[in-house]
>>> print(open('input.txt').read())   # compact mmCIF, C-alpha atoms
# COMPACT_ATOMS: atom_id res chain seq x y z
CA MET E 1 -15.47 16.46 -19.07
CA ALA E 2 -18.59 14.96 -17.57
CA ALA E 3 -18.43 11.33 -16.56
CA SER E 4 -21.96 10.48 -17.65
CA VAL E 5 -21.33 9.49 -21.27
CA SER E 6 -18.66 7.15 -22.61
CA HIS E 7 -17.70 7.55 -26.27
CA PRO E 8 -16.02 4.58 -27.98
CA LYS E 9 -12.68 5.13 -29.69
CA PRO E 10 -10.91 2.46 -31.78
CA TRP E 11 -7.60 2.99 -29.98
CA HIS E 12 -9.29 2.16 -26.66
CA GLY E 13 -9.88 -1.33 -27.99
CA ILE E 14 -6.28 -1.61 -29.21
CA ILE E 15 -4.90 -0.65 -25.79
CA HIS E 16 -7.26 -3.04 -24.00
CA LEU E 17 -6.35 -5.86 -26.38
CA LEU E 18 -2.62 -5.32 -25.80
CA ILE E 19 -3.07 -5.30 -22.01
CA PHE E 20 -5.31 -8.37 -22.17
CA VAL E 21 -2.73 -10.25 -24.27
CA TRP E 22 -0.01 -9.23 -21.79
CA TYR E 23 -2.02 -10.59 -18.87
CA MET E 24 -2.87 -13.80 -20.74
CA PHE E 25 0.82 -14.34 -21.49
CA THR E 26 1.74 -13.65 -17.85
CA LEU E 27 -1.00 -15.96 -16.59
CA CYS E 28 -0.03 -18.80 -18.94
CA TYR E 29 3.67 -18.49 -18.11
CA ASN E 30 2.92 -18.36 -14.39
CA CYS E 31 0.87 -21.56 -14.71
CA SER E 32 3.39 -23.30 -16.96
CA GLN E 33 5.01 -26.56 -15.98
CA LEU E 34 8.36 -24.74 -15.78
CA ILE E 35 7.10 -22.77 -12.77
CA SER E 36 4.60 -25.26 -11.36
CA SER E 37 7.06 -28.12 -11.02
CA ARG E 38 9.49 -26.02 -8.95
CA HIS E 39 7.23 -23.70 -6.91
CA PRO E 40 6.50 -25.32 -3.52
CA GLY E 41 3.28 -23.38 -3.08
CA THR E 42 1.64 -24.89 -6.14
CA GLN E 43 2.01 -28.41 -4.75
CA SER E 44 0.39 -27.72 -1.38
CA TYR E 45 -3.28 -27.41 -0.47
CA GLY E 46 -5.10 -24.68 -2.41
CA GLY E 47 -2.45 -24.44 -5.12
CA ARG E 48 -2.04 -20.99 -6.63
CA TRP E 49 -5.57 -20.04 -5.62
CA LYS E 50 -4.46 -19.41 -2.05
CA TYR E 51 -2.38 -16.42 -3.11
CA LEU E 52 -4.05 -13.03 -3.46
CA THR E 53 -1.46 -12.16 -6.10
CA PHE E 54 -2.69 -14.98 -8.34
CA ILE E 55 -6.36 -14.19 -7.72
CA ASN E 56 -5.63 -10.58 -8.63
CA LEU E 57 -3.81 -11.70 -11.79
CA VAL E 58 -6.87 -13.69 -12.90
CA LEU E 59 -9.13 -10.76 -11.98
CA GLN E 60 -7.09 -8.25 -14.01
CA THR E 61 -7.03 -10.64 -16.98
CA VAL E 62 -10.82 -11.05 -16.88
CA PHE E 63 -11.33 -7.31 -16.37
CA PHE E 64 -9.29 -6.22 -19.38
CA GLY E 65 -10.92 -8.97 -21.42
CA VAL E 66 -14.29 -7.46 -20.51
CA CYS E 67 -12.96 -4.00 -21.42
CA PHE E 68 -11.93 -5.20 -24.88
CA VAL E 69 -15.22 -7.01 -25.57
CA THR E 70 -17.11 -3.91 -24.39
CA ASP E 71 -15.14 -1.76 -26.84
CA VAL E 72 -16.01 -4.13 -29.68
CA THR E 73 -19.75 -4.25 -28.87
CA GLN E 74 -19.90 -0.44 -28.74
CA LEU E 75 -18.88 -0.33 -32.40
CA PHE E 76 -22.06 -2.18 -33.36
CA PRO E 77 -25.78 -1.63 -32.66
CA LEU E 78 -25.80 -4.02 -29.68
CA ARG E 79 -27.31 -1.74 -27.05
CA VAL E 80 -28.44 -4.36 -24.54
CA VAL E 81 -25.15 -6.27 -24.61
CA SER E 82 -23.07 -3.09 -24.62
CA SER E 83 -25.02 -1.63 -21.69
CA PHE E 84 -24.60 -4.82 -19.64
CA LEU E 85 -20.87 -5.06 -20.36
CA THR E 86 -20.35 -1.38 -19.55
CA LYS E 87 -22.02 -1.87 -16.15
CA LEU E 88 -19.95 -5.00 -15.53
CA ARG E 89 -16.75 -3.16 -16.48
CA ASN E 90 -17.60 -0.32 -14.10
CA VAL E 91 -18.32 -2.63 -11.16
CA LEU E 92 -15.20 -4.73 -11.71
CA PHE E 93 -12.99 -1.66 -11.93
CA SER E 94 -14.40 0.33 -9.01
CA VAL E 95 -14.99 -2.50 -6.51
CA LEU E 96 -12.18 -4.96 -7.32
CA ALA E 97 -9.63 -4.18 -10.06
CA PHE E 98 -8.40 -0.81 -8.77
CA PRO E 99 -8.41 -1.40 -4.98
CA LEU E 100 -7.04 -4.96 -5.18
CA GLY E 101 -4.41 -4.09 -7.78
CA SER E 102 -3.26 -1.16 -5.64
CA PHE E 103 -3.30 -3.28 -2.48
CA VAL E 104 -1.19 -6.07 -3.99
CA PHE E 105 1.36 -3.52 -5.18
CA LEU E 106 1.56 -1.56 -1.92
CA SER E 107 1.39 -4.47 0.54
CA PHE E 108 3.91 -6.65 -1.32
CA TRP E 109 6.58 -4.01 -1.79
CA SER E 110 6.20 -2.49 1.68
CA ILE E 111 6.71 -5.91 3.33
CA TYR E 112 9.40 -6.85 0.80
CA LEU E 113 11.43 -3.73 1.61
CA TYR E 114 11.07 -4.39 5.34
CA ASP E 115 12.00 -8.09 5.18
CA ARG E 116 11.54 -9.99 1.94
CA GLU E 117 11.63 -13.37 3.73
CA LEU E 118 8.23 -12.54 5.23
CA VAL E 119 6.51 -12.39 1.85
CA TYR E 120 8.87 -13.49 -0.95
CA PRO E 121 11.74 -15.70 0.26
CA LYS E 122 15.02 -15.40 -1.62
CA ARG E 123 14.79 -19.02 -2.82
CA LEU E 124 11.94 -17.95 -5.13
CA ASP E 125 14.44 -15.94 -7.19
CA ASP E 126 15.64 -19.23 -8.69
CA ILE E 127 12.06 -20.22 -9.60
CA ILE E 128 10.29 -17.00 -10.61
CA PRO E 129 12.08 -14.74 -13.15
CA VAL E 130 12.53 -11.09 -12.18
CA TRP E 131 10.22 -9.94 -15.00
CA LEU E 132 7.44 -12.25 -13.78
CA ASN E 133 7.79 -10.97 -10.23
CA HIS E 134 7.34 -7.41 -11.51
CA ALA E 135 4.48 -8.49 -13.77
CA LEU E 136 2.70 -9.90 -10.71
CA HIS E 137 3.49 -7.19 -8.20
CA THR E 138 4.53 -3.99 -10.00
CA VAL E 139 3.05 -3.55 -13.48
CA ILE E 140 -0.49 -4.09 -12.17
CA LEU E 141 -0.65 -0.57 -10.68
CA PRO E 142 0.41 1.39 -13.80
CA LEU E 143 -2.04 -0.62 -15.91
CA VAL E 144 -5.07 0.12 -13.70
CA LEU E 145 -4.01 3.78 -13.71
CA VAL E 146 -3.94 3.66 -17.52
CA GLN E 147 -7.50 2.34 -17.46
CA LEU E 148 -8.56 5.01 -14.99
CA CYS E 149 -7.28 7.70 -17.35
CA LEU E 150 -8.59 5.99 -20.48
CA GLN E 151 -12.31 5.71 -19.68
CA PRO E 152 -14.74 7.05 -17.06
CA HIS E 153 -16.34 4.53 -14.72
CA GLN E 154 -19.62 4.76 -12.88
CA TYR E 155 -19.07 4.12 -9.19
CA PRO E 156 -21.78 2.51 -7.06
CA SER E 157 -22.79 4.24 -3.84
CA ARG E 158 -19.91 4.19 -1.37
CA LYS E 159 -21.87 1.92 0.96
CA LYS E 160 -22.49 -0.69 -1.74
CA GLY E 161 -18.99 -0.41 -3.20
CA ILE E 162 -17.14 -0.80 0.10
CA LEU E 163 -19.51 -3.56 1.24
CA GLY E 164 -18.83 -5.46 -1.98
CA LEU E 165 -15.09 -5.09 -1.46
CA ALA E 166 -15.45 -6.08 2.21
CA LEU E 167 -17.38 -9.21 1.23
CA PHE E 168 -14.61 -10.24 -1.17
CA ILE E 169 -11.83 -9.73 1.37
CA ALA E 170 -13.84 -11.50 4.10
CA LEU E 171 -14.21 -14.54 1.84
CA TYR E 172 -10.48 -14.49 1.08
CA LEU E 173 -9.51 -14.26 4.75
CA ALA E 174 -11.87 -17.13 5.53
CA TRP E 175 -10.13 -19.09 2.75
CA VAL E 176 -6.69 -18.35 4.27
CA LEU E 177 -7.87 -19.53 7.69
CA TRP E 178 -9.44 -22.65 6.21
CA ILE E 179 -6.19 -23.54 4.44
CA HIS E 180 -4.32 -23.30 7.74
CA HIS E 181 -7.00 -25.34 9.50
CA VAL E 182 -6.87 -28.14 6.92
CA SER E 183 -3.18 -28.23 6.02
CA GLY E 184 -1.43 -26.50 8.93
CA ILE E 185 0.37 -24.08 6.57
CA TRP E 186 0.14 -20.31 6.37
CA VAL E 187 -0.28 -18.79 2.93
CA TYR E 188 2.24 -16.05 3.74
CA PRO E 189 5.36 -16.58 5.89
CA ILE E 190 4.69 -13.39 7.85
CA LEU E 191 1.59 -14.93 9.43
CA ALA E 192 3.65 -17.63 11.11
CA HIS E 193 5.72 -15.01 12.95
CA LEU E 194 2.79 -13.17 14.53
CA SER E 195 1.29 -13.63 17.97
CA SER E 196 -2.46 -14.16 18.30
CA VAL E 197 -3.01 -10.44 18.90
CA GLY E 198 -0.58 -9.47 16.16
CA PHE E 199 -2.32 -11.86 13.78
CA VAL E 200 -5.72 -10.26 14.39
CA VAL E 201 -4.28 -6.75 14.12
CA PHE E 202 -2.44 -7.59 10.90
CA LEU E 203 -5.51 -9.08 9.20
CA ALA E 204 -7.75 -6.24 10.41
CA ALA E 205 -5.29 -3.57 9.24
CA SER E 206 -4.92 -5.28 5.85
CA ALA E 207 -8.69 -5.48 5.39
CA ILE E 208 -9.37 -1.93 6.58
CA SER E 209 -6.65 -0.49 4.32
CA LEU E 210 -8.68 -1.51 1.27
CA ALA E 211 -11.41 1.04 2.03
CA PRO E 212 -9.06 4.05 1.57
CA LEU E 213 -7.84 2.49 -1.69
CA TYR E 214 -11.44 2.26 -2.90
CA LEU E 215 -11.94 5.94 -2.01
CA LEU E 216 -8.63 6.80 -3.69
CA GLY E 217 -9.85 5.25 -6.93
CA GLU E 218 -13.08 7.22 -6.67
CA MET E 219 -11.20 10.46 -5.99
CA LEU E 220 -8.72 9.96 -8.86
CA SER E 221 -11.57 9.15 -11.23
CA HIS E 222 -13.35 12.34 -10.18
CA LEU E 223 -10.19 14.39 -10.67
CA ARG E 224 -9.67 12.87 -14.12
CA TRP E 225 -13.24 13.01 -15.41
CA GLY E 226 -15.14 15.43 -13.19
CA GLY E 227 -18.91 15.22 -12.96
CA ASP E 228 -20.88 12.86 -10.73
CA LEU E 229 -19.31 9.40 -10.88
CA ASN E 230 -22.40 7.87 -9.26
CA LYS E 231 -24.49 8.72 -12.32
CA PRO E 232 -24.74 6.09 -15.07
CA VAL E 233 -21.95 5.94 -17.65
CA LEU E 234 -24.13 5.46 -20.70
CA ALA E 235 -23.15 3.29 -23.61
CA PRO E 236 -23.15 5.21 -26.90
CA GLY E 237 -26.38 4.75 -28.79
CA SER E 238 -28.43 4.18 -25.63
CA SER E 239 -31.69 6.02 -25.13
CA GLY E 240 -30.23 8.11 -22.31
CA SER E 241 -27.39 9.23 -24.54
CA LYS E 242 -29.82 10.19 -27.32
CA ASP E 243 -32.11 12.02 -24.91
CA SER E 244 -29.22 14.08 -23.61
CA LYS E 245 -28.23 15.04 -27.15
CA ARG E 246 -31.83 16.01 -27.97
CA GLY E 247 -31.95 18.12 -24.83
CA LYS E 248 -28.80 19.98 -25.87
CA LYS E 249 -30.29 20.63 -29.33
CA LYS E 250 -33.50 22.02 -27.81
CA LYS E 251 -31.51 24.36 -25.59
CA LYS E 252 -29.60 25.66 -28.60
CA ILE E 253 -32.91 26.33 -30.44
>>> encode(input="input.txt", output="C-alpha cells")
Amino acid sequence: MAASVSHPKPWHGIIHLLIFVWYMFTLCYNCSQLISSRHPGTQSYGGRWKYLTFINLVLQTVFFGVCFVTDVTQLFPLRVVSSFLTKLRNVLFSVLAFPLGSFVFLSFWSIYLYDRELVYPKRLDDIIPVWLNHALHTVILPLVLVQLCLQPHQYPSRKKGILGLALFIALYLAWVLWIHHVSGIWVYPILAHLSSVGFVVFLAASAISLAPLYLLGEMLSHLRWGGDLNKPVLAPGSSGSKDSKRGKKKKKI
C-alpha cells in the first residue's frame, strides 16, 4: 500500500482515544499527591521535568491527543485544519514519539538489568507501583508500534529529521547539566559514578544512539506501508487526494 494517502477509519479514532485516556490516567496518577509527597525527585530542583521518562510521558500524551483530534477532523470538511494536524502528527511521530519512546524503553531496561541502582533504586518500589513503572518504561514501545502499524506517516528528509531530534536531545542534555550546576545533583544516579571521560562518552553514546532509532522508525514504516515516506501523507478530501483519484480515472478511460 502506498504511503501517500491516509484514509480515515472510525476505529482509528477509537484506538487513539483509548490510548490517550490511558496516558492521561497514567500522567494524572504519576502527578498525584500520593506519588509526589513521597518521591524525592519531585521535591528537588526541576521536579519531574528533569526526567526524560516524564517528558516522554507528556509527549506521548500530547501525540495521541493530536492523533485523536486529527481523526475527528478528517470526518468533517475541515481541510485546512485536518491538513495541519496531519502534518503535526507526522512530525511528532517521526522526530520525537517513536525515537524517544524506543530510547526510554531500551536505555531504562538495559541499565536496570545491569544494575538497577544506577537508574531506578530499589527504594522506589515502595513509592511507584509496579504497573506505573511498566506504564512509564515498558508499555510506551508497544503503543508507538501500534501507531506505526495503524497509520502511515510522512517522514521529513533524514537531515531535517535527525537535526530536529538532535536539537531536542541537546536541549535536554543542557538542562541536565544546568540542574547539576545549580543544585549539585545528578538527574540519574549513574552519572555520579562516571569519571569525566566516562561522563562524556556516556552522554555522547546516549545522544548518538537516537539516530539509529530514528532510522529504525523510518525503516519499519517503509516495511509496513511501502511507497516513498518522504512524500506528503494527504488528508482525505484534500486537492492532492482528489487529483490523484482523477488521474486514476483518466488512466482507466
>>> residues_around(input="input.txt", residues="E:Ala207", least_positions_apart="2", cutoff="9 Å", atoms="all atoms listed in the file", output="PDB file with C-alpha atoms, in the frame of the given file")
ATOM      1  CA  ALA E 166     -15.450  -6.080   2.210  1.00  0.00           C
ATOM      2  CA  ILE E 169     -11.830  -9.730   1.370  1.00  0.00           C
ATOM      3  CA  ALA E 170     -13.840 -11.500   4.100  1.00  0.00           C
ATOM      4  CA  LEU E 173      -9.510 -14.260   4.750  1.00  0.00           C
ATOM      5  CA  PHE E 202      -2.440  -7.590  10.900  1.00  0.00           C
ATOM      6  CA  LEU E 203      -5.510  -9.080   9.200  1.00  0.00           C
ATOM      7  CA  ALA E 204      -7.750  -6.240  10.410  1.00  0.00           C
ATOM      8  CA  ALA E 205      -5.290  -3.570   9.240  1.00  0.00           C
ATOM      9  CA  SER E 209      -6.650  -0.490   4.320  1.00  0.00           C
ATOM     10  CA  LEU E 210      -8.680  -1.510   1.270  1.00  0.00           C
ATOM     11  CA  ALA E 211     -11.410   1.040   2.030  1.00  0.00           C
TER      12      ALA E 211
END
>>> atom_distance(input="input.txt", atom1="atom CA of E:Leu27", atom2="atom CA of E:Thr138")
14.7 Å
>>> residues_near_point(input="input.txt", point="(-1.6, -7.3, -20.8)", cutoff="12 Å", atoms="all atoms listed in the file", output="JSON, numbers by chain")
{"E": [14, 15, 16, 17, 18, 19, 20, 21, 22, 23, 24, 25, 26, 27, 28, 57, 58, 60, 61, 62, 63, 64, 65, 67, 68, 135, 136, 139, 140, 142, 143, 144, 146, 147]}
>>> axis_aligned_box(input="input.txt", around="stretch 112-120 of chain E", padding_each_side="4 Å", output="JSON")
{"center_x": 9.3, "center_y": -8.6, "center_z": 2.2, "size_x": 13.5, "size_y": 17.8, "size_z": 14.3}
>>> closest_residue(input="input.txt", among="E:Leu223, E:Ile208, E:Val197, E:Val95", to="E:Ile162", atoms="only C-alpha atoms")
E:Val95
>>> atom_distance(input="input.txt", atom1="atom CA of E:Gly101", atom2="atom CA of E:Leu141")
5.9 Å
>>> atom_distance(input="input.txt", atom1="atom CA of E:Val72", atom2="atom CA of E:Ser94")
21.2 Å
>>> residues_around(input="input.txt", residues="E:Leu216", least_positions_apart="2", cutoff="12 Å", atoms="all atoms listed in the file", output="number ranges by chain")
E: 94-95, 98-100, 102-103, 145, 148, 158, 209-214, 218-223
>>> residues_near_point(input="input.txt", point="(0.6, -7.5, 10.4)", cutoff="12 Å", atoms="only C-alpha atoms", output="list in words")
Ser107, Ser110, Ile111, Leu118, Val119, Tyr188, Pro189, Ile190, Leu191, Ala192, His193, Leu194, Ser195, Ser196, Val197, Gly198, Phe199, Val200, Val201, Phe202, Leu203, Ala204, Ala205, Ser206, Ala207 and Ser209 of chain E
>>> write_last_selection(input="input.txt", atoms="C-alpha atoms", output="short mmCIF file (atom, residue, chain, number, x, y, z; two decimals), in the coordinates of the input")
data_model
loop_
_atom_site.label_atom_id
_atom_site.label_comp_id
_atom_site.auth_asym_id
_atom_site.auth_seq_id
_atom_site.Cartn_x
_atom_site.Cartn_y
_atom_site.Cartn_z
CA SER E 107 1.39 -4.47 0.54
CA SER E 110 6.20 -2.49 1.68
CA ILE E 111 6.71 -5.91 3.33
CA LEU E 118 8.23 -12.54 5.23
CA VAL E 119 6.51 -12.39 1.85
CA TYR E 188 2.24 -16.05 3.74
CA PRO E 189 5.36 -16.58 5.89
CA ILE E 190 4.69 -13.39 7.85
CA LEU E 191 1.59 -14.93 9.43
CA ALA E 192 3.65 -17.63 11.11
CA HIS E 193 5.72 -15.01 12.95
CA LEU E 194 2.79 -13.17 14.53
CA SER E 195 1.29 -13.63 17.97
CA SER E 196 -2.46 -14.16 18.30
CA VAL E 197 -3.01 -10.44 18.90
CA GLY E 198 -0.58 -9.47 16.16
CA PHE E 199 -2.32 -11.86 13.78
CA VAL E 200 -5.72 -10.26 14.39
CA VAL E 201 -4.28 -6.75 14.12
CA PHE E 202 -2.44 -7.59 10.90
CA LEU E 203 -5.51 -9.08 9.20
CA ALA E 204 -7.75 -6.24 10.41
CA ALA E 205 -5.29 -3.57 9.24
CA SER E 206 -4.92 -5.28 5.85
CA ALA E 207 -8.69 -5.48 5.39
CA SER E 209 -6.65 -0.49 4.32
#
>>> residues_around(input="input.txt", residues="E:Leu171", least_positions_apart="5", cutoff="12 Å", atoms="all atoms listed in the file", output="list of chain:residue names")
E:Lys50, E:Leu52, E:Gly164, E:Leu165, E:Ala166, E:Val176, E:Leu177, E:Trp178, E:Ala207
>>> closest_residue(input="input.txt", among="E:Pro129, E:Gly41, E:Gly226, E:Pro10", to="E:Cys149", atoms="all atoms listed in the file")
E:Gly226
>>> closest_residue(input="input.txt", among="E:Val91, E:Asp115, E:Ala97, E:Gly184", to="E:Lys160", atoms="only C-alpha atoms")
E:Val91
>>> closest_residue(input="input.txt", among="E:Leu113, E:Thr70, E:Val187, E:Ser37", to="E:Leu88", atoms="all atoms listed in the file")
E:Thr70
>>> closest_residue(input="input.txt", among="E:Arg79, E:Tyr120, E:Trp225, E:Trp175", to="E:Tyr45", atoms="all atoms listed in the file")
E:Trp175
>>> closest_residue(input="input.txt", among="E:Ser83, E:Lys122, E:Tyr29, E:Leu96", to="E:Ile55", atoms="only C-alpha atoms")
E:Leu96
